[in-house]
Amino acid sequence: MGAGADVSQEQAAREVGGSEPSFGRILLKLSGESLMGGRDYGVDPDTVLAIAREVVAVQSAGTELAIVVGAGNFYRGLEAAADGMDRATADYAGMLATLLNALALQDALERLGVVTRVQSAITVSEVAEPYIRRRAIRHLEKGRIVLFAAGTGNPFFTTDTAAALRALEIGAEAILMAKNGVEGVYDGDPRVDPDARFLPELTHLEAIERGLKVMDTTALSLCMENGLPIFVFELAEGNIRRVAAGERVGSIVRTKKEE
């Protein structure tokens with residue numbers, strides 16, 4: 001189906017398939033690269049629409065859903081800083097890039113019939129609401145999908161940290177991290193190390209101590225301190241819905257609470 005086609009929310013849900021929800025409220029973390037499709041940079045409309053269909057299926061099953069999108073398809077603050085740009089300036093540019101991605105995803109979701117709201121951590125009142133925690137929660141309760149843009153609004157923090165922070169603020173039960181071309185968490189980079197071992201389950205502390213690229217250390221620490229599980233899986237057709245429905249797909253990073 002082309003990117004310009006309009007379909008109903010119910011039709012999108014049927015196409016992906018419905019399942020009983022495992023979570024009441026989740027936060028989905030998408031990398032900017034996940035929106036590129038086969039392009040070298042930017043946004044591929046068909047890819048964005050495919051992701052939007054999965055999101056609609058999850059929401060239609062009864063799960064409240066918020067989303068944080070990265071900016072790697074447009075801009076990376078740390079890499080720009082390494083090339084000589086002031087790090088704070090580079091990070092602010094990256095925040096604006098996340099807003100571009102949020103607007104693209106909002107457009108695809110609304111063409112599928114879902115009411116969405118983009119909330120930005122920096123002021124861009126013409127295109128997005130300011131981030132207000134209580135308003136975000138109210139949107140979710142009303143059945144709207146909320147996209148959090150511009151990270152935390154502060155330089156030197158990644159969108160991983162923004163995802164952890166927003167998930168905790170809205171009372172999400174889990175973070176779902178969809179990865180490009182990687183089935184979950186490995187003890188090395190499977191794209192360069194053929195002997196890298198898949199890890200179906202590990203703790204937040206293990207991820208931090210072993211330097212595994214699940215999320216950055218700040219984000220992992222936030223999740224560990226607050227007992228927030230992270231589900232890491234490949235961004236393949238149906239996987240967002242499967243994880244949201246409770247199927248074991250990919251890796252789980254969690255710290256069991258002491259009895």
# chains A, B, ... in the order shown; residues from 1 in each chain; ligands from 1
$ select_by_dssp --residues "segment 84-211 of chain A" --states "helix (DSSP H, G or I)" --output "short mmCIF file (atom, residue, chain, number, x, y, z; two decimals) with all heavy atoms, in the first residue's frame"
data_model
loop_
_atom_site.label_atom_id
_atom_site.label_comp_id
_atom_site.auth_asym_id
_atom_site.auth_seq_id
_atom_site.Cartn_x
_atom_site.Cartn_y
_atom_site.Cartn_z
N ARG A 87 29.32 21.21 21.43
CA ARG A 87 28.45 20.07 21.74
C ARG A 87 27.02 20.51 22.08
O ARG A 87 26.06 19.88 21.63
CB ARG A 87 29.05 19.28 22.91
CG ARG A 87 28.16 18.16 23.46
CD ARG A 87 27.90 17.05 22.44
NE ARG A 87 26.86 16.13 22.88
CZ ARG A 87 27.06 15.09 23.68
NH1 ARG A 87 28.28 14.83 24.12
NH2 ARG A 87 26.06 14.30 24.03
N ALA A 88 26.87 21.56 22.86
CA ALA A 88 25.52 22.00 23.21
C ALA A 88 24.74 22.42 21.96
O ALA A 88 23.58 22.05 21.79
CB ALA A 88 25.58 23.16 24.21
N THR A 89 25.40 23.16 21.07
CA THR A 89 24.74 23.58 19.82
C THR A 89 24.37 22.37 18.98
O THR A 89 23.27 22.29 18.42
CB THR A 89 25.68 24.50 19.02
OG1 THR A 89 26.00 25.64 19.81
CG2 THR A 89 25.03 24.93 17.72
N ALA A 90 25.28 21.41 18.89
CA ALA A 90 25.01 20.20 18.12
C ALA A 90 23.83 19.42 18.70
O ALA A 90 22.99 18.90 17.96
CB ALA A 90 26.26 19.32 18.10
N ASP A 91 23.74 19.35 20.02
CA ASP A 91 22.64 18.61 20.64
C ASP A 91 21.30 19.31 20.41
O ASP A 91 20.27 18.67 20.21
CB ASP A 91 22.90 18.45 22.14
CG ASP A 91 23.87 17.32 22.42
OD1 ASP A 91 24.22 16.58 21.49
OD2 ASP A 91 24.29 17.17 23.59
N TYR A 92 21.30 20.65 20.45
CA TYR A 92 20.06 21.37 20.16
C TYR A 92 19.61 21.11 18.72
O TYR A 92 18.41 20.97 18.44
CB TYR A 92 20.23 22.86 20.41
CG TYR A 92 20.12 23.25 21.87
CD1 TYR A 92 21.17 23.86 22.53
CD2 TYR A 92 18.95 22.98 22.59
CE1 TYR A 92 21.08 24.20 23.88
CE2 TYR A 92 18.84 23.32 23.93
CZ TYR A 92 19.91 23.93 24.57
OH TYR A 92 19.80 24.25 25.90
N ALA A 93 20.56 21.05 17.80
CA ALA A 93 20.21 20.73 16.41
C ALA A 93 19.61 19.33 16.33
O ALA A 93 18.65 19.09 15.59
CB ALA A 93 21.45 20.85 15.52
N GLY A 94 20.17 18.40 17.09
CA GLY A 94 19.63 17.05 17.13
C GLY A 94 18.21 17.02 17.68
O GLY A 94 17.36 16.25 17.22
N MET A 95 17.93 17.86 18.68
CA MET A 95 16.57 17.93 19.23
C MET A 95 15.58 18.35 18.16
O MET A 95 14.46 17.82 18.08
CB MET A 95 16.53 18.92 20.40
CG MET A 95 17.29 18.48 21.64
SD MET A 95 17.22 19.76 22.91
CE MET A 95 18.79 19.50 23.73
N LEU A 96 15.96 19.32 17.35
CA LEU A 96 15.07 19.77 16.27
C LEU A 96 14.85 18.65 15.25
O LEU A 96 13.76 18.51 14.70
CB LEU A 96 15.66 21.01 15.59
CG LEU A 96 15.73 22.26 16.46
CD1 LEU A 96 16.45 23.39 15.72
CD2 LEU A 96 14.34 22.71 16.89
N ALA A 97 15.87 17.83 15.03
CA ALA A 97 15.73 16.71 14.10
C ALA A 97 14.73 15.69 14.62
O ALA A 97 13.97 15.10 13.85
CB ALA A 97 17.09 16.06 13.85
N THR A 98 14.70 15.48 15.94
CA THR A 98 13.71 14.54 16.49
C THR A 98 12.29 15.07 16.26
O THR A 98 11.35 14.29 16.10
CB THR A 98 13.90 14.29 17.99
OG1 THR A 98 13.59 15.47 18.75
CG2 THR A 98 15.33 13.85 18.30
N LEU A 99 12.15 16.38 16.24
CA LEU A 99 10.83 16.98 15.98
C LEU A 99 10.39 16.68 14.55
O LEU A 99 9.20 16.39 14.30
CB LEU A 99 10.88 18.47 16.24
CG LEU A 99 9.57 19.24 16.06
CD1 LEU A 99 8.52 18.76 17.06
CD2 LEU A 99 9.80 20.74 16.21
N LEU A 100 11.31 16.74 13.60
CA LEU A 100 10.97 16.39 12.21
C LEU A 100 10.44 14.96 12.13
O LEU A 100 9.43 14.69 11.46
CB LEU A 100 12.21 16.54 11.32
CG LEU A 100 12.83 17.93 11.17
CD1 LEU A 100 14.07 17.84 10.30
CD2 LEU A 100 11.83 18.91 10.61
N ASN A 101 11.10 14.05 12.83
CA ASN A 101 10.68 12.65 12.81
C ASN A 101 9.32 12.47 13.50
O ASN A 101 8.48 11.69 13.04
CB ASN A 101 11.73 11.78 13.49
CG ASN A 101 12.97 11.60 12.64
OD1 ASN A 101 12.90 11.68 11.41
ND2 ASN A 101 14.09 11.34 13.27
N ALA A 102 9.12 13.17 14.60
CA ALA A 102 7.85 13.06 15.32
C ALA A 102 6.69 13.55 14.45
O ALA A 102 5.61 12.94 14.42
CB ALA A 102 7.91 13.85 16.63
N LEU A 103 6.90 14.64 13.72
CA LEU A 103 5.86 15.16 12.84
C LEU A 103 5.56 14.19 11.70
O LEU A 103 4.40 14.01 11.30
CB LEU A 103 6.27 16.53 12.29
CG LEU A 103 6.33 17.66 13.32
CD1 LEU A 103 6.91 18.92 12.68
CD2 LEU A 103 4.97 17.95 13.92
N ALA A 104 6.59 13.56 11.16
CA ALA A 104 6.38 12.58 10.09
C ALA A 104 5.57 11.39 10.58
O ALA A 104 4.64 10.92 9.91
CB ALA A 104 7.73 12.11 9.53
N LEU A 105 5.89 10.92 11.78
CA LEU A 105 5.16 9.79 12.35
C LEU A 105 3.74 10.19 12.74
O LEU A 105 2.79 9.42 12.55
CB LEU A 105 5.93 9.24 13.55
CG LEU A 105 5.42 7.93 14.16
CD1 LEU A 105 5.30 6.84 13.09
CD2 LEU A 105 6.35 7.47 15.28
N GLN A 106 3.58 11.41 13.24
CA GLN A 106 2.24 11.90 13.57
C GLN A 106 1.36 11.91 12.32
O GLN A 106 0.20 11.49 12.36
CB GLN A 106 2.32 13.30 14.16
CG GLN A 106 0.95 13.88 14.50
CD GLN A 106 1.01 15.34 14.94
OE1 GLN A 106 1.75 16.14 14.36
NE2 GLN A 106 0.25 15.68 15.96
N ASP A 107 1.90 12.40 11.22
CA ASP A 107 1.13 12.46 9.98
C ASP A 107 0.68 11.07 9.54
O ASP A 107 -0.48 10.87 9.17
CB ASP A 107 1.99 13.09 8.88
CG ASP A 107 1.26 13.14 7.54
OD1 ASP A 107 0.35 13.97 7.40
OD2 ASP A 107 1.61 12.33 6.67
N ALA A 108 1.58 10.08 9.62
CA ALA A 108 1.22 8.72 9.22
C ALA A 108 0.15 8.14 10.14
O ALA A 108 -0.81 7.50 9.68
CB ALA A 108 2.47 7.83 9.23
N LEU A 109 0.28 8.37 11.43
CA LEU A 109 -0.70 7.84 12.39
C LEU A 109 -2.07 8.47 12.18
O LEU A 109 -3.10 7.78 12.25
CB LEU A 109 -0.21 8.09 13.82
CG LEU A 109 0.95 7.22 14.29
CD1 LEU A 109 1.57 7.79 15.56
CD2 LEU A 109 0.49 5.79 14.54
N GLU A 110 -2.09 9.76 11.93
CA GLU A 110 -3.39 10.43 11.76
C GLU A 110 -4.05 10.03 10.44
O GLU A 110 -5.27 10.02 10.35
CB GLU A 110 -3.21 11.94 11.90
CG GLU A 110 -2.84 12.32 13.34
CD GLU A 110 -2.98 13.80 13.63
OE1 GLU A 110 -2.89 14.59 12.69
OE2 GLU A 110 -3.18 14.13 14.81
N ARG A 111 -3.26 9.69 9.43
CA ARG A 111 -3.86 9.18 8.20
C ARG A 111 -4.45 7.79 8.40
O ARG A 111 -5.27 7.33 7.61
CB ARG A 111 -2.82 9.16 7.07
CG ARG A 111 -2.61 10.56 6.49
CD ARG A 111 -1.77 10.55 5.23
NE ARG A 111 -0.35 10.36 5.52
CZ ARG A 111 0.38 9.36 5.05
NH1 ARG A 111 -0.17 8.43 4.30
NH2 ARG A 111 1.66 9.27 5.35
N ARG A 133 3.60 17.01 31.81
CA ARG A 133 3.38 15.62 32.22
C ARG A 133 1.90 15.28 32.38
O ARG A 133 1.42 14.28 31.84
CB ARG A 133 4.13 15.36 33.52
CG ARG A 133 3.85 13.99 34.13
CD ARG A 133 4.62 13.77 35.41
NE ARG A 133 4.17 12.58 36.09
CZ ARG A 133 3.19 12.56 37.00
NH1 ARG A 133 2.57 13.68 37.33
NH2 ARG A 133 2.83 11.43 37.57
N ARG A 134 1.17 16.08 33.12
CA ARG A 134 -0.23 15.77 33.37
C ARG A 134 -1.06 15.78 32.08
O ARG A 134 -1.98 14.99 31.90
CB ARG A 134 -0.83 16.75 34.39
CG ARG A 134 -0.33 16.51 35.80
CD ARG A 134 -0.96 17.49 36.78
NE ARG A 134 -0.51 17.25 38.14
CZ ARG A 134 -1.07 16.40 38.99
NH1 ARG A 134 -2.12 15.70 38.60
NH2 ARG A 134 -0.61 16.24 40.21
N ARG A 135 -0.71 16.69 31.18
CA ARG A 135 -1.43 16.74 29.90
C ARG A 135 -1.12 15.50 29.08
O ARG A 135 -2.01 14.94 28.43
CB ARG A 135 -1.04 18.00 29.13
CG ARG A 135 -1.80 18.16 27.81
CD ARG A 135 -1.40 19.41 27.07
NE ARG A 135 -1.87 20.63 27.76
CZ ARG A 135 -1.59 21.85 27.35
NH1 ARG A 135 -0.83 22.03 26.26
NH2 ARG A 135 -2.05 22.89 28.01
N ALA A 136 0.13 15.06 29.10
CA ALA A 136 0.51 13.85 28.36
C ALA A 136 -0.28 12.64 28.88
O ALA A 136 -0.81 11.83 28.10
CB ALA A 136 2.01 13.60 28.49
N ILE A 137 -0.36 12.50 30.19
CA ILE A 137 -1.11 11.39 30.78
C ILE A 137 -2.58 11.46 30.40
O ILE A 137 -3.21 10.45 30.09
CB ILE A 137 -0.92 11.38 32.31
CG1 ILE A 137 0.54 11.03 32.66
CG2 ILE A 137 -1.87 10.39 32.97
CD1 ILE A 137 0.88 11.19 34.12
N ARG A 138 -3.13 12.67 30.41
CA ARG A 138 -4.54 12.83 30.05
C ARG A 138 -4.78 12.45 28.60
O ARG A 138 -5.79 11.81 28.26
CB ARG A 138 -4.98 14.29 30.28
CG ARG A 138 -6.46 14.53 30.08
CD ARG A 138 -7.28 13.70 31.02
NE ARG A 138 -8.72 13.98 30.90
CZ ARG A 138 -9.66 13.11 31.17
NH1 ARG A 138 -9.34 11.89 31.59
NH2 ARG A 138 -10.93 13.44 31.05
N HIS A 139 -3.87 12.80 27.70
CA HIS A 139 -3.98 12.39 26.31
C HIS A 139 -4.03 10.86 26.19
O HIS A 139 -4.84 10.30 25.45
CB HIS A 139 -2.80 12.91 25.49
CG HIS A 139 -2.85 14.38 25.21
ND1 HIS A 139 -4.00 15.06 24.93
CD2 HIS A 139 -1.84 15.31 25.13
CE1 HIS A 139 -3.73 16.35 24.71
NE2 HIS A 139 -2.42 16.52 24.83
N LEU A 140 -3.14 10.20 26.92
CA LEU A 140 -3.09 8.74 26.88
C LEU A 140 -4.39 8.14 27.39
O LEU A 140 -4.94 7.19 26.81
CB LEU A 140 -1.91 8.23 27.70
CG LEU A 140 -0.51 8.59 27.17
CD1 LEU A 140 0.56 8.24 28.20
CD2 LEU A 140 -0.24 7.87 25.85
N GLU A 141 -4.90 8.69 28.46
CA GLU A 141 -6.16 8.21 29.03
C GLU A 141 -7.33 8.39 28.07
O GLU A 141 -8.29 7.62 28.09
CB GLU A 141 -6.45 8.93 30.34
CG GLU A 141 -5.48 8.57 31.47
CD GLU A 141 -5.68 9.43 32.70
OE1 GLU A 141 -6.33 10.49 32.61
OE2 GLU A 141 -5.14 9.04 33.77
N THR A 159 18.43 10.67 23.44
CA THR A 159 17.01 10.31 23.38
C THR A 159 16.74 9.02 24.16
O THR A 159 15.59 8.76 24.52
CB THR A 159 16.53 10.16 21.92
OG1 THR A 159 17.41 9.27 21.21
CG2 THR A 159 16.49 11.50 21.22
N ASP A 160 17.76 8.21 24.40
CA ASP A 160 17.60 7.07 25.31
C ASP A 160 17.21 7.55 26.70
O ASP A 160 16.30 7.02 27.33
CB ASP A 160 18.89 6.26 25.40
CG ASP A 160 19.12 5.37 24.18
OD1 ASP A 160 18.19 5.23 23.36
OD2 ASP A 160 20.23 4.81 24.07
N THR A 161 17.94 8.54 27.17
CA THR A 161 17.63 9.10 28.49
C THR A 161 16.25 9.73 28.50
O THR A 161 15.49 9.59 29.46
CB THR A 161 18.69 10.13 28.91
OG1 THR A 161 19.98 9.49 28.97
CG2 THR A 161 18.39 10.74 30.26
N ALA A 162 15.91 10.42 27.41
CA ALA A 162 14.57 11.00 27.31
C ALA A 162 13.50 9.92 27.37
O ALA A 162 12.47 10.08 28.03
CB ALA A 162 14.44 11.79 26.00
N ALA A 163 13.74 8.79 26.71
CA ALA A 163 12.77 7.70 26.72
C ALA A 163 12.60 7.15 28.14
O ALA A 163 11.47 6.91 28.59
CB ALA A 163 13.22 6.58 25.77
N ALA A 164 13.70 6.96 28.85
CA ALA A 164 13.61 6.45 30.22
C ALA A 164 12.89 7.44 31.12
O ALA A 164 12.02 7.07 31.92
CB ALA A 164 15.02 6.16 30.75
N LEU A 165 13.24 8.71 30.98
CA LEU A 165 12.64 9.75 31.82
C LEU A 165 11.14 9.87 31.56
O LEU A 165 10.31 9.87 32.50
CB LEU A 165 13.34 11.08 31.56
CG LEU A 165 12.86 12.29 32.36
CD1 LEU A 165 13.07 12.06 33.85
CD2 LEU A 165 13.58 13.55 31.90
N ARG A 166 10.75 9.96 30.30
CA ARG A 166 9.33 10.11 29.97
C ARG A 166 8.54 8.86 30.36
O ARG A 166 7.40 8.96 30.84
CB ARG A 166 9.16 10.39 28.48
CG ARG A 166 9.77 11.69 28.01
CD ARG A 166 9.05 12.91 28.57
NE ARG A 166 9.63 14.14 28.06
CZ ARG A 166 10.33 15.00 28.79
NH1 ARG A 166 10.53 14.77 30.08
NH2 ARG A 166 10.82 16.10 28.24
N ALA A 167 9.12 7.69 30.18
CA ALA A 167 8.43 6.45 30.56
C ALA A 167 8.12 6.45 32.05
O ALA A 167 7.02 6.07 32.47
CB ALA A 167 9.28 5.24 30.19
N LEU A 168 9.08 6.88 32.85
CA LEU A 168 8.86 6.93 34.30
C LEU A 168 7.85 8.01 34.67
O LEU A 168 7.00 7.81 35.54
CB LEU A 168 10.19 7.19 35.01
CG LEU A 168 11.20 6.04 34.94
CD1 LEU A 168 12.57 6.49 35.41
CD2 LEU A 168 10.70 4.85 35.76
N GLU A 169 7.92 9.14 33.98
CA GLU A 169 7.01 10.24 34.30
C GLU A 169 5.55 9.90 34.01
O GLU A 169 4.65 10.31 34.75
CB GLU A 169 7.42 11.50 33.52
CG GLU A 169 8.68 12.15 34.05
CD GLU A 169 9.04 13.40 33.27
OE1 GLU A 169 9.12 13.33 32.02
OE2 GLU A 169 9.24 14.45 33.89
N HIS A 204 19.79 -4.78 34.39
CA HIS A 204 20.28 -3.45 34.03
C HIS A 204 21.75 -3.30 34.41
O HIS A 204 22.56 -2.75 33.65
CB HIS A 204 19.47 -2.37 34.77
CG HIS A 204 18.02 -2.36 34.45
ND1 HIS A 204 17.09 -3.06 35.18
CD2 HIS A 204 17.32 -1.73 33.46
CE1 HIS A 204 15.88 -2.85 34.67
NE2 HIS A 204 16.00 -2.04 33.63
N LEU A 205 22.11 -3.81 35.61
CA LEU A 205 23.49 -3.67 36.08
C LEU A 205 24.46 -4.42 35.19
O LEU A 205 25.55 -3.93 34.90
CB LEU A 205 23.60 -4.14 37.53
CG LEU A 205 24.95 -3.92 38.22
CD1 LEU A 205 25.30 -2.44 38.22
CD2 LEU A 205 24.93 -4.47 39.64
N GLU A 206 24.07 -5.60 34.74
CA GLU A 206 24.92 -6.37 33.83
C GLU A 206 25.15 -5.60 32.54
O GLU A 206 26.28 -5.57 32.01
CB GLU A 206 24.29 -7.72 33.53
CG GLU A 206 24.35 -8.71 34.68
CD GLU A 206 23.56 -9.98 34.41
OE1 GLU A 206 22.65 -9.94 33.55
OE2 GLU A 206 23.85 -10.99 35.06
N ALA A 207 24.12 -4.97 32.03
CA ALA A 207 24.24 -4.19 30.80
C ALA A 207 25.21 -3.02 31.00
O ALA A 207 26.01 -2.70 30.11
CB ALA A 207 22.88 -3.68 30.35
N ILE A 208 25.13 -2.39 32.16
CA ILE A 208 26.02 -1.25 32.46
C ILE A 208 27.45 -1.72 32.63
O ILE A 208 28.38 -1.17 32.01
CB ILE A 208 25.54 -0.51 33.73
CG1 ILE A 208 24.18 0.16 33.49
CG2 ILE A 208 26.57 0.53 34.17
CD1 ILE A 208 23.54 0.72 34.73
N GLU A 209 27.66 -2.75 33.45
CA GLU A 209 29.01 -3.21 33.76
C GLU A 209 29.73 -3.80 32.55
O GLU A 209 30.94 -3.66 32.41
CB GLU A 209 28.95 -4.25 34.88
CG GLU A 209 28.55 -3.68 36.24
CD GLU A 209 28.47 -4.73 37.32
OE1 GLU A 209 28.32 -5.93 36.98
OE2 GLU A 209 28.56 -4.37 38.51
#
$ closest_atom_pairs --of "segment 56-159 of chain A" --to "segment 214-227 of chain A" --cutoff "12 Å" --atoms "only C-alpha atoms" --output "tab-separated table"
residue	atom	partner	partner_atom	distance
A:Thr152	CA	A:Ala219	CA	11.7
A:Phe156	CA	A:Thr218	CA	10.8
A:Phe157	CA	A:Thr218	CA	8.4
A:Thr158	CA	A:Asp216	CA	7.7
A:Thr159	CA	A:Ala219	CA	9.0
$ atom_distance --atom1 "atom CA of Asp189 of chain A" --atom2 "atom CA of Arg254 of chain A"
20.8 Å
$ residues_around --residues "Gly37 of chain A" --least-positions-apart "5" --cutoff "12 Å" --atoms "only C-alpha atoms" --output "list in words"
Ser31, Gly32, Gly42, Val43, Asp44, Pro45, Asp46, Thr47, Val48, Leu49, Ala50, Ile51, Asn73, Asn180, Gly181, Leu235 and Ala236 of chain A
$ atom_distance --atom1 "atom CA of Gly84 of chain A" --atom2 "atom CA of Gly70 of chain A"
21.7 Å
$ closest_residue --among "A:Gly184, A:Gly62, A:Pro194, A:Pro155" --to "Ala121 of chain A" --atoms "only C-alpha atoms"
A:Pro155
$ select_by_dssp --residues "segment 125-199 of chain A" --states "strand (DSSP E or B)" --output "PyMOL selection string"
chain A and resi 129-130+145-149+174-179+185-186+198-199
$ write_last_selection --atoms "N, CA, C and O atoms" --output "PDB file, in the first residue's frame"
ATOM      1  N   GLU A 129       2.766  20.834  21.088  1.00  0.00           N
ATOM      2  CA  GLU A 129       2.480  21.287  22.441  1.00  0.00           C
ATOM      3  C   GLU A 129       3.776  21.309  23.256  1.00  0.00           C
ATOM      4  O   GLU A 129       4.704  20.550  22.975  1.00  0.00           O
ATOM      5  N   PRO A 130       3.840  22.123  24.292  1.00  0.00           N
ATOM      6  CA  PRO A 130       4.954  21.998  25.229  1.00  0.00           C
ATOM      7  C   PRO A 130       4.788  20.707  26.025  1.00  0.00           C
ATOM      8  O   PRO A 130       3.663  20.219  26.204  1.00  0.00           O
ATOM      9  N   ILE A 145      -2.342   8.877  21.010  1.00  0.00           N
ATOM     10  CA  ILE A 145      -0.928   8.505  21.047  1.00  0.00           C
ATOM     11  C   ILE A 145      -0.117   9.776  21.207  1.00  0.00           C
ATOM     12  O   ILE A 145      -0.363  10.768  20.526  1.00  0.00           O
ATOM     13  N   VAL A 146       0.848   9.751  22.109  1.00  0.00           N
ATOM     14  CA  VAL A 146       1.675  10.924  22.384  1.00  0.00           C
ATOM     15  C   VAL A 146       3.092  10.672  21.893  1.00  0.00           C
ATOM     16  O   VAL A 146       3.693   9.636  22.204  1.00  0.00           O
ATOM     17  N   LEU A 147       3.609  11.612  21.102  1.00  0.00           N
ATOM     18  CA  LEU A 147       4.986  11.530  20.633  1.00  0.00           C
ATOM     19  C   LEU A 147       5.802  12.598  21.353  1.00  0.00           C
ATOM     20  O   LEU A 147       5.488  13.794  21.267  1.00  0.00           O
ATOM     21  N   PHE A 148       6.822  12.175  22.065  1.00  0.00           N
ATOM     22  CA  PHE A 148       7.681  13.099  22.802  1.00  0.00           C
ATOM     23  C   PHE A 148       8.874  13.471  21.931  1.00  0.00           C
ATOM     24  O   PHE A 148       9.648  12.607  21.515  1.00  0.00           O
ATOM     25  N   ALA A 149       9.017  14.761  21.649  1.00  0.00           N
ATOM     26  CA  ALA A 149      10.084  15.239  20.773  1.00  0.00           C
ATOM     27  C   ALA A 149      11.077  16.106  21.553  1.00  0.00           C
ATOM     28  O   ALA A 149      10.791  16.551  22.666  1.00  0.00           O
ATOM     29  N   ALA A 174       6.691  -0.485  30.796  1.00  0.00           N
ATOM     30  CA  ALA A 174       7.883  -1.001  30.129  1.00  0.00           C
ATOM     31  C   ALA A 174       8.295  -0.068  29.007  1.00  0.00           C
ATOM     32  O   ALA A 174       7.493   0.730  28.518  1.00  0.00           O
ATOM     33  N   ILE A 175       9.575  -0.184  28.616  1.00  0.00           N
ATOM     34  CA  ILE A 175      10.076   0.478  27.415  1.00  0.00           C
ATOM     35  C   ILE A 175      10.291  -0.593  26.362  1.00  0.00           C
ATOM     36  O   ILE A 175      10.918  -1.619  26.620  1.00  0.00           O
ATOM     37  N   LEU A 176       9.757  -0.364  25.178  1.00  0.00           N
ATOM     38  CA  LEU A 176       9.992  -1.257  24.048  1.00  0.00           C
ATOM     39  C   LEU A 176      10.980  -0.575  23.119  1.00  0.00           C
ATOM     40  O   LEU A 176      10.717   0.510  22.599  1.00  0.00           O
ATOM     41  N   MET A 177      12.148  -1.210  22.930  1.00  0.00           N
ATOM     42  CA  MET A 177      13.195  -0.646  22.075  1.00  0.00           C
ATOM     43  C   MET A 177      13.308  -1.471  20.799  1.00  0.00           C
ATOM     44  O   MET A 177      13.742  -2.617  20.823  1.00  0.00           O
ATOM     45  N   ALA A 178      12.890  -0.866  19.692  1.00  0.00           N
ATOM     46  CA  ALA A 178      12.945  -1.542  18.399  1.00  0.00           C
ATOM     47  C   ALA A 178      14.276  -1.212  17.719  1.00  0.00           C
ATOM     48  O   ALA A 178      14.593  -0.052  17.492  1.00  0.00           O
ATOM     49  N   LYS A 179      15.054  -2.247  17.407  1.00  0.00           N
ATOM     50  CA  LYS A 179      16.385  -2.072  16.826  1.00  0.00           C
ATOM     51  C   LYS A 179      16.390  -2.440  15.347  1.00  0.00           C
ATOM     52  O   LYS A 179      15.620  -3.298  14.899  1.00  0.00           O
ATOM     53  N   VAL A 185      19.763  -8.156  22.441  1.00  0.00           N
ATOM     54  CA  VAL A 185      21.026  -7.774  23.067  1.00  0.00           C
ATOM     55  C   VAL A 185      22.043  -8.896  22.866  1.00  0.00           C
ATOM     56  O   VAL A 185      21.734 -10.071  23.063  1.00  0.00           O
ATOM     57  N   TYR A 186      23.246  -8.523  22.458  1.00  0.00           N
ATOM     58  CA  TYR A 186      24.351  -9.464  22.283  1.00  0.00           C
ATOM     59  C   TYR A 186      25.515  -9.035  23.172  1.00  0.00           C
ATOM     60  O   TYR A 186      25.592  -7.884  23.595  1.00  0.00           O
ATOM     61  N   PHE A 198      23.935 -14.124  21.682  1.00  0.00           N
ATOM     62  CA  PHE A 198      22.636 -13.521  21.990  1.00  0.00           C
ATOM     63  C   PHE A 198      22.303 -13.716  23.466  1.00  0.00           C
ATOM     64  O   PHE A 198      22.486 -14.797  24.022  1.00  0.00           O
ATOM     65  N   LEU A 199      21.808 -12.659  24.100  1.00  0.00           N
ATOM     66  CA  LEU A 199      21.466 -12.707  25.515  1.00  0.00           C
ATOM     67  C   LEU A 199      19.951 -12.523  25.658  1.00  0.00           C
ATOM     68  O   LEU A 199      19.451 -11.411  25.514  1.00  0.00           O
TER      69      LEU A 199
END
